[in-house]
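Report on the following structure.
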Amino acid sequence: MMFPLFLIGVLSVFTQTFLLREVYLVFSGNELSTGILLSSWMLWIGAGVSFSRRHGNLALYSILYVLLFPVALFFTYSVKTIFHIGPGEIAGVPVILFTSFVILSPLFFILGCIFGRGMKEWEEGESIRGFIRPYMMDSIGDLTGGLLFSYVTLLFIPPSIRPIVSCGLAIWICILFLKRRIYYLLFILLVPLYFAFGFSFHHGIKRNLPHGKHSKIYDTLYGRYVLLEEKGMVSLYLNGVLSFTYPNRFIDEHVHIPFMFVKKNNPEILSLGLPPPGEAEELVKEGSLTIVQPDKNLPVKSLYPHKVRWVYSDPMRFILRSEQRYDVVFLNTGMPVSLESARFFTRTSAKRISGLITGNGILVVRIPSSENYIEGVIKGIGDVTLSTFKTAFEHHYIIPGETAMLLFSKAPLNPDESRIDGVREKMRVEYLTPYYLRWLIEGERHSYAQERITGGVVSTMQKPVIFYLFTKYWAEKYSPIFYRFLSVLSKIKPYVFFLILLVPLFFKRIGYAVALMGGTGITIELLSLFQFQMIVGGAYIHIGLLVGIFMLGLGVGSYIFEKIPQERFSPLLFLLLIPPLLLVLFIGELPPYLVFLLFPGNLYTGMLIGYTYGSATAGMGGRYRNSAAIVYTFDLTGAAVGSFLVSMIFIPIYGISPTVYIMVGLCIAGFLRFII
């Protein structure tokens with residue numbers, strides 16, 4: 001029975017990490033989509049564990065998984081079509097909620113049933129080993145599943161075949177509990193599933209694009225590119241959002257504007273992130289161009305000029321390590337709609353980027369804006385961006401537009417009149433006439449932008465205000481309901497949520513303690529993921545390892561409990577005091593060279609939850625296996641609520657430090673409630 005439980009763990013985390021990445025790519029999501037999916041995952045897994053205590057068998061649930069997985073995947077890829085979401089349009093939070101809590105919920109429920117029956121059929125009866133050992137074997141399988149996805153599947157298995165791995169694991173579990181005559185049926189079943197997966201993957205994505213039959217899909221470690229070529233135009237969609245259309249000369253020529261402020265001939269130009277090919281063509285007219293971006297398998301590299309120097313590295317890692325200085329730096333890491341991109345719009349990053357720029361050099365930051373009306377969220381984005389980068393640069397200049405350019409420098413910024421008058425002849429441009437340039441740089445629109453964008457709160461890694469503002473901007477465009485939701489919640493103080501979360505403590509102490517530990521555990525796991533995303537980037541490449549290490553900790557903690565069993569409930573009381581010590585890791589800004597602490601932090605958190613699992617099960621009395629299922633349900637319910645609150649409310653609205661304070665306060669309050 002040990003091997004099936006190991007396979008169940010592999011299946012569980014492999015499916016989880018696979019779907020996390022797919023939802024992130026299909027819906028152009030950010031960390032909010034991670035929290036939503038995990039919340040649904042744990043809620044329905046807990047329901048499945050509770051249901052399977054008395055119903056069904058492992059072989060039946062495995063077959064249901066094999067049948068449900070392609071259906072769930074197909075509808076996940078088709079949901080943008082179902083909700084009439086146009087090509088390149090971002091799916092709103094309600095669509096992600098519907099996908100996570102409705103479309104994928106039967107699959108999550110069945111996975112919970114598989115784990116619940118696996119525990120029920122463990123052969124060592126009602127001893128401590130009878131509920132600890134299956135937990136341990138499952139956790140080892142969890143780690144294996146995470147490593148299998150991140151470092152084998154993503155690297156070596158084509159996207160349309162990846163789901164086959166999940167179904168193959170489920171079939172393997174099923175075979176172990178069925179007679180031999182069913183073998184052939186299962187393998188025959190696998191053949192049409194292969195075609196179903198291929199169909200759901202390719203056609204589900206292409207259906208969301210115009211003239212999808214002409215598009216090509218490229219899946220790399222860093223994202224999913226869809227390339228559409230038609231009538232001499234090339235459009236690149238990255239993770240479902242239009243990245244650029246080439247050629248688009250009117251837009252591309254705007255990159256010459258910052259050079260009206262550059263006195264040096266043939267400057268050294270750096271693009272942190274990928275610019276459109278048309279912009280690159282214009283930039284090489286100005287000087288020597290270096291592009292820093294992590295993806296070596298970029299499908300559109302042939303569109304870029306041969307003169308470009310490529311550096312394949314995470315832009316933040318390049319910033320920290322580069323010794324070369326540049327005259328003009330373009331921040332092309334994307335709008336800060338996720339924590340990965342928002343990390344470049346913080347006070348710390350501004351200081352680091354300033355170290356790349358020469359004394360008279362310029363940093364160019366682009367944000368959504370307006371030529372005629374700068375109010376509300378648009379003004380907030382401009383104010384925060386300005387105040388954040390002014391912490392590292394003394395001077396700034398605003399070039400207005402639907403996409404405004406904010407120029408920052410350590411030296412005064414004044415336009416060069418000779419460059420303005422001679423740009424058309426020298427650069428062979430079509431749209432940048434001297435009149436248009438003066439209108440942008442010196443005219444009424446420039447004065448209006450300078451008057452409206454005056455500065456505000458500084459965005460930091462601990463409180464990424466810019467991420468919250470762009471979340472509102474994203475919601476205002478694509479999810480009005482979520483926009484109103486954020487607007488209302490932003491007026492509520494953090495202590496209100498703290499008091500609300502204390503209420504259940506007065507009704508069911510043991511269940512609440514377990515749920516609180518589950519919520520604290522998922523909070524630390526999410527904070528680890530978010531911190532990793534902000535420091536290193538590319539967390540969705542390593543997410544299997546991050547999740548797997550946490551799950552391994554659960555098994556290690558259970559094993560420790562087995563070796564030091566406690567028949568009384570009191571040990572759980574003192575466990576409530578340990579999470580505050582682990583949460584301290586997130587109060588301050590973690591230096592990049594200490595990012596490795598997130599891995600043992602995740603492991604220790606898992607060990608804590610694993611020991612809690614054993615202690616609470618023993619403390620509930622009765623039969624171990626029945627109590628274990630109840631404890632597991634409480635744990636997952638708390639984790640589901642915690643995941644939703646942390647990712648949807650606490651991090652976007654309050655930031656990391658207030659989130660830590662809320663969770664520390666809850667743990668201390670839980671401890672005090674037990675001793676009073």
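Convention: chains lettered A, B, ... in structure tokens order; per-chain residue numbering from 1; ligands numbered from 1 as shown.
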
Against range 636-657 of chain A, which residues of range 448-555 of chain A fall within 7 Å? For each one I want the closest pair of atoms and the distance in Å (one decimal), counting only C-alpha atoms, rows by chain and increasing residue number, as a Markdown table.
| residue | atom | partner | partner_atom | distance |
| --- | --- | --- | --- | --- |
| A:Gln462 | CA | A:Ile656 | CA | 5.2 |
| A:Lys463 | CA | A:Gly655 | CA | 4.2 |
| A:Pro464 | CA | A:Gly655 | CA | 6.4 |
| A:Phe467 | CA | A:Pro652 | CA | 6.7 |
| A:Tyr468 | CA | A:Pro652 | CA | 4.9 |
| A:Ser490 | CA | A:Ile653 | CA | 6.1 |
| A:Ala515 | CA | A:Gly638 | CA | 3.9 |
| A:Leu516 | CA | A:Gly638 | CA | 5.9 |
| A:Gly518 | CA | A:Ala639 | CA | 4.6 |
| A:Gly519 | CA | A:Ala639 | CA | 4.1 |
| A:Ile522 | CA | A:Ala639 | CA | 5.6 |
| A:Thr523 | CA | A:Gly642 | CA | 6.5 |

Have a look at CA of Arg325 in chain A and CA of Thr358 in chain A and let me know their distance in Å, one decimal.
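These atoms are spaced 5.7 Å apart.
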
Which of these, A:Thr403, A:Thr348, A:Ser615, A:Asn248, has the shortest distance to Ile378 in chain A once you count only C-alpha atoms?
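Using only C-alpha atoms, the shortest distance to Ile378 in chain A belongs to A:Thr403.
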
Which residues in range 238-449 of chain A does DSSP call strand (DSSP E)? List them as an mmCIF file with N, CA and C atoms, in the first residue's frame.
data_model
loop_
_atom_site.group_PDB
_atom_site.id
_atom_site.type_symbol
_atom_site.label_atom_id
_atom_site.label_comp_id
_atom_site.auth_asym_id
_atom_site.auth_seq_id
_atom_site.Cartn_x
_atom_site.Cartn_y
_atom_site.Cartn_z
ATOM 1 N N LEU A 238 1.691 37.166 -25.626
ATOM 2 C CA LEU A 238 2.415 36.510 -24.539
ATOM 3 C C LEU A 238 1.453 36.268 -23.388
ATOM 4 N N VAL A 241 -2.003 37.911 -23.828
ATOM 5 C CA VAL A 241 -2.116 39.353 -23.995
ATOM 6 C C VAL A 241 -1.239 39.793 -25.155
ATOM 7 N N LEU A 242 -1.760 40.716 -25.975
ATOM 8 C CA LEU A 242 -0.993 41.216 -27.102
ATOM 9 C C LEU A 242 0.260 41.934 -26.606
ATOM 10 N N SER A 243 1.414 41.415 -27.001
ATOM 11 C CA SER A 243 2.689 42.012 -26.608
ATOM 12 C C SER A 243 3.099 43.108 -27.591
ATOM 13 N N PHE A 244 3.018 42.830 -28.884
ATOM 14 C CA PHE A 244 3.298 43.853 -29.882
ATOM 15 C C PHE A 244 2.779 43.409 -31.238
ATOM 16 N N THR A 245 2.612 44.385 -32.119
ATOM 17 C CA THR A 245 2.332 44.153 -33.532
ATOM 18 C C THR A 245 3.450 44.813 -34.329
ATOM 19 N N TYR A 246 3.999 44.082 -35.281
ATOM 20 C CA TYR A 246 5.153 44.570 -36.036
ATOM 21 C C TYR A 246 4.863 44.448 -37.536
ATOM 22 N N GLU A 268 25.294 54.310 -25.254
ATOM 23 C CA GLU A 268 25.068 52.913 -24.885
ATOM 24 C C GLU A 268 23.632 52.802 -24.372
ATOM 25 N N ILE A 269 22.837 51.937 -25.026
ATOM 26 C CA ILE A 269 21.414 51.813 -24.703
ATOM 27 C C ILE A 269 21.157 50.431 -24.120
ATOM 28 N N LEU A 270 20.376 50.381 -23.048
ATOM 29 C CA LEU A 270 20.023 49.115 -22.389
ATOM 30 C C LEU A 270 18.509 48.994 -22.309
ATOM 31 N N SER A 271 17.996 47.850 -22.728
ATOM 32 C CA SER A 271 16.573 47.536 -22.551
ATOM 33 C C SER A 271 16.454 46.419 -21.530
ATOM 34 N N LEU A 272 15.908 46.741 -20.371
ATOM 35 C CA LEU A 272 15.633 45.726 -19.355
ATOM 36 C C LEU A 272 14.281 45.106 -19.684
ATOM 37 N N SER A 288 24.284 51.880 -29.549
ATOM 38 C CA SER A 288 24.532 50.450 -29.345
ATOM 39 C C SER A 288 23.501 49.899 -28.368
ATOM 40 N N LEU A 289 22.738 48.883 -28.802
ATOM 41 C CA LEU A 289 21.601 48.374 -28.021
ATOM 42 C C LEU A 289 21.909 47.017 -27.417
ATOM 43 N N THR A 290 21.642 46.904 -26.108
ATOM 44 C CA THR A 290 21.717 45.629 -25.387
ATOM 45 C C THR A 290 20.330 45.310 -24.838
ATOM 46 N N ILE A 291 19.854 44.098 -25.100
ATOM 47 C CA ILE A 291 18.550 43.658 -24.588
ATOM 48 C C ILE A 291 18.774 42.549 -23.567
ATOM 49 N N VAL A 292 18.202 42.726 -22.389
ATOM 50 C CA VAL A 292 18.298 41.728 -21.319
ATOM 51 C C VAL A 292 16.938 41.088 -21.139
ATOM 52 N N ARG A 309 22.789 43.278 -29.078
ATOM 53 C CA ARG A 309 23.520 42.373 -28.183
ATOM 54 C C ARG A 309 22.513 41.780 -27.198
ATOM 55 N N TRP A 310 22.434 40.451 -27.161
ATOM 56 C CA TRP A 310 21.472 39.766 -26.305
ATOM 57 C C TRP A 310 22.151 39.284 -25.028
ATOM 58 N N VAL A 311 21.469 39.485 -23.895
ATOM 59 C CA VAL A 311 21.907 38.939 -22.615
ATOM 60 C C VAL A 311 20.735 38.144 -22.053
ATOM 61 N N TYR A 326 25.345 52.559 -18.566
ATOM 62 C CA TYR A 326 24.637 52.856 -19.812
ATOM 63 C C TYR A 326 24.137 54.293 -19.794
ATOM 64 N N ASP A 327 24.015 54.862 -20.993
ATOM 65 C CA ASP A 327 23.563 56.250 -21.126
ATOM 66 C C ASP A 327 22.047 56.372 -21.123
ATOM 67 N N VAL A 328 21.372 55.383 -21.683
ATOM 68 C CA VAL A 328 19.908 55.377 -21.708
ATOM 69 C C VAL A 328 19.433 53.975 -21.354
ATOM 70 N N VAL A 329 18.552 53.871 -20.363
ATOM 71 C CA VAL A 329 18.002 52.584 -19.938
ATOM 72 C C VAL A 329 16.486 52.629 -20.090
ATOM 73 N N PHE A 330 15.934 51.685 -20.828
ATOM 74 C CA PHE A 330 14.480 51.546 -20.981
ATOM 75 C C PHE A 330 13.999 50.412 -20.069
ATOM 76 N N LEU A 331 13.013 50.710 -19.234
ATOM 77 C CA LEU A 331 12.426 49.686 -18.375
ATOM 78 C C LEU A 331 11.290 49.022 -19.150
ATOM 79 N N ILE A 357 23.345 53.535 -14.541
ATOM 80 C CA ILE A 357 23.247 54.688 -15.435
ATOM 81 C C ILE A 357 24.400 55.658 -15.190
ATOM 82 N N THR A 358 24.941 56.184 -16.268
ATOM 83 C CA THR A 358 26.009 57.170 -16.177
ATOM 84 C C THR A 358 25.498 58.458 -15.542
ATOM 85 N N GLY A 359 26.427 59.339 -15.192
ATOM 86 C CA GLY A 359 26.055 60.559 -14.474
ATOM 87 C C GLY A 359 25.026 61.410 -15.181
ATOM 88 N N ASN A 360 25.111 61.498 -16.518
ATOM 89 C CA ASN A 360 24.148 62.281 -17.294
ATOM 90 C C ASN A 360 23.116 61.402 -17.993
ATOM 91 N N GLY A 361 23.088 60.115 -17.616
ATOM 92 C CA GLY A 361 22.210 59.169 -18.291
ATOM 93 C C GLY A 361 20.751 59.327 -17.913
ATOM 94 N N ILE A 362 19.887 58.595 -18.644
ATOM 95 C CA ILE A 362 18.435 58.718 -18.485
ATOM 96 C C ILE A 362 17.815 57.340 -18.308
ATOM 97 N N LEU A 363 16.859 57.257 -17.400
ATOM 98 C CA LEU A 363 15.996 56.080 -17.266
ATOM 99 C C LEU A 363 14.635 56.420 -17.853
ATOM 100 N N VAL A 364 14.096 55.541 -18.696
ATOM 101 C CA VAL A 364 12.796 55.750 -19.332
ATOM 102 C C VAL A 364 11.807 54.726 -18.780
ATOM 103 N N VAL A 365 10.752 55.212 -18.142
ATOM 104 C CA VAL A 365 9.700 54.360 -17.586
ATOM 105 C C VAL A 365 8.389 54.733 -18.254
ATOM 106 N N ARG A 366 7.667 53.743 -18.751
ATOM 107 C CA ARG A 366 6.396 54.003 -19.431
ATOM 108 C C ARG A 366 5.229 53.472 -18.604
ATOM 109 N N ILE A 367 4.170 54.281 -18.519
ATOM 110 C CA ILE A 367 2.980 53.911 -17.759
ATOM 111 C C ILE A 367 1.741 54.326 -18.554
ATOM 112 N N PRO A 368 0.600 53.660 -18.316
ATOM 113 C CA PRO A 368 -0.635 54.102 -18.986
ATOM 114 C C PRO A 368 -1.042 55.479 -18.477
ATOM 115 N N HIS A 395 16.075 64.443 -10.877
ATOM 116 C CA HIS A 395 15.346 65.193 -11.903
ATOM 117 C C HIS A 395 14.435 64.260 -12.711
ATOM 118 N N HIS A 396 13.338 64.837 -13.188
ATOM 119 C CA HIS A 396 12.416 64.055 -14.015
ATOM 120 C C HIS A 396 11.787 64.957 -15.071
ATOM 121 N N TYR A 397 11.242 64.320 -16.089
ATOM 122 C CA TYR A 397 10.557 65.035 -17.184
ATOM 123 C C TYR A 397 9.473 64.106 -17.711
ATOM 124 N N ILE A 398 8.280 64.632 -17.930
ATOM 125 C CA ILE A 398 7.145 63.807 -18.349
ATOM 126 C C ILE A 398 6.807 64.087 -19.805
ATOM 127 N N ILE A 399 6.784 63.020 -20.605
ATOM 128 C CA ILE A 399 6.329 63.097 -21.994
ATOM 129 C C ILE A 399 4.917 62.533 -22.027
ATOM 130 N N THR A 403 0.303 56.344 -23.550
ATOM 131 C CA THR A 403 1.352 55.709 -22.754
ATOM 132 C C THR A 403 2.381 56.789 -22.482
ATOM 133 N N ALA A 404 2.421 57.280 -21.251
ATOM 134 C CA ALA A 404 3.319 58.384 -20.914
ATOM 135 C C ALA A 404 4.730 57.863 -20.680
ATOM 136 N N MET A 405 5.712 58.694 -21.039
ATOM 137 C CA MET A 405 7.117 58.402 -20.749
ATOM 138 C C MET A 405 7.562 59.289 -19.589
ATOM 139 N N LEU A 406 8.064 58.660 -18.536
ATOM 140 C CA LEU A 406 8.648 59.394 -17.427
ATOM 141 C C LEU A 406 10.160 59.233 -17.517
ATOM 142 N N LEU A 407 10.853 60.340 -17.709
ATOM 143 C CA LEU A 407 12.307 60.334 -17.820
ATOM 144 C C LEU A 407 12.901 60.726 -16.469
ATOM 145 N N PHE A 408 13.898 59.954 -16.013
ATOM 146 C CA PHE A 408 14.555 60.224 -14.739
ATOM 147 C C PHE A 408 16.055 60.320 -14.965
ATOM 148 N N SER A 409 16.682 61.238 -14.251
ATOM 149 C CA SER A 409 18.122 61.419 -14.401
ATOM 150 C C SER A 409 18.687 62.057 -13.131
#

Which residues, written as a ChimeraX atom specification, have at least one atom at most 12 Å from Ile441 in chain A, with only C-alpha atoms counted and residues fewer than 2 positions away on the same chain left out?
/A:254,257-261,397-401,404-407,413-417,420,432,434-439,443-450
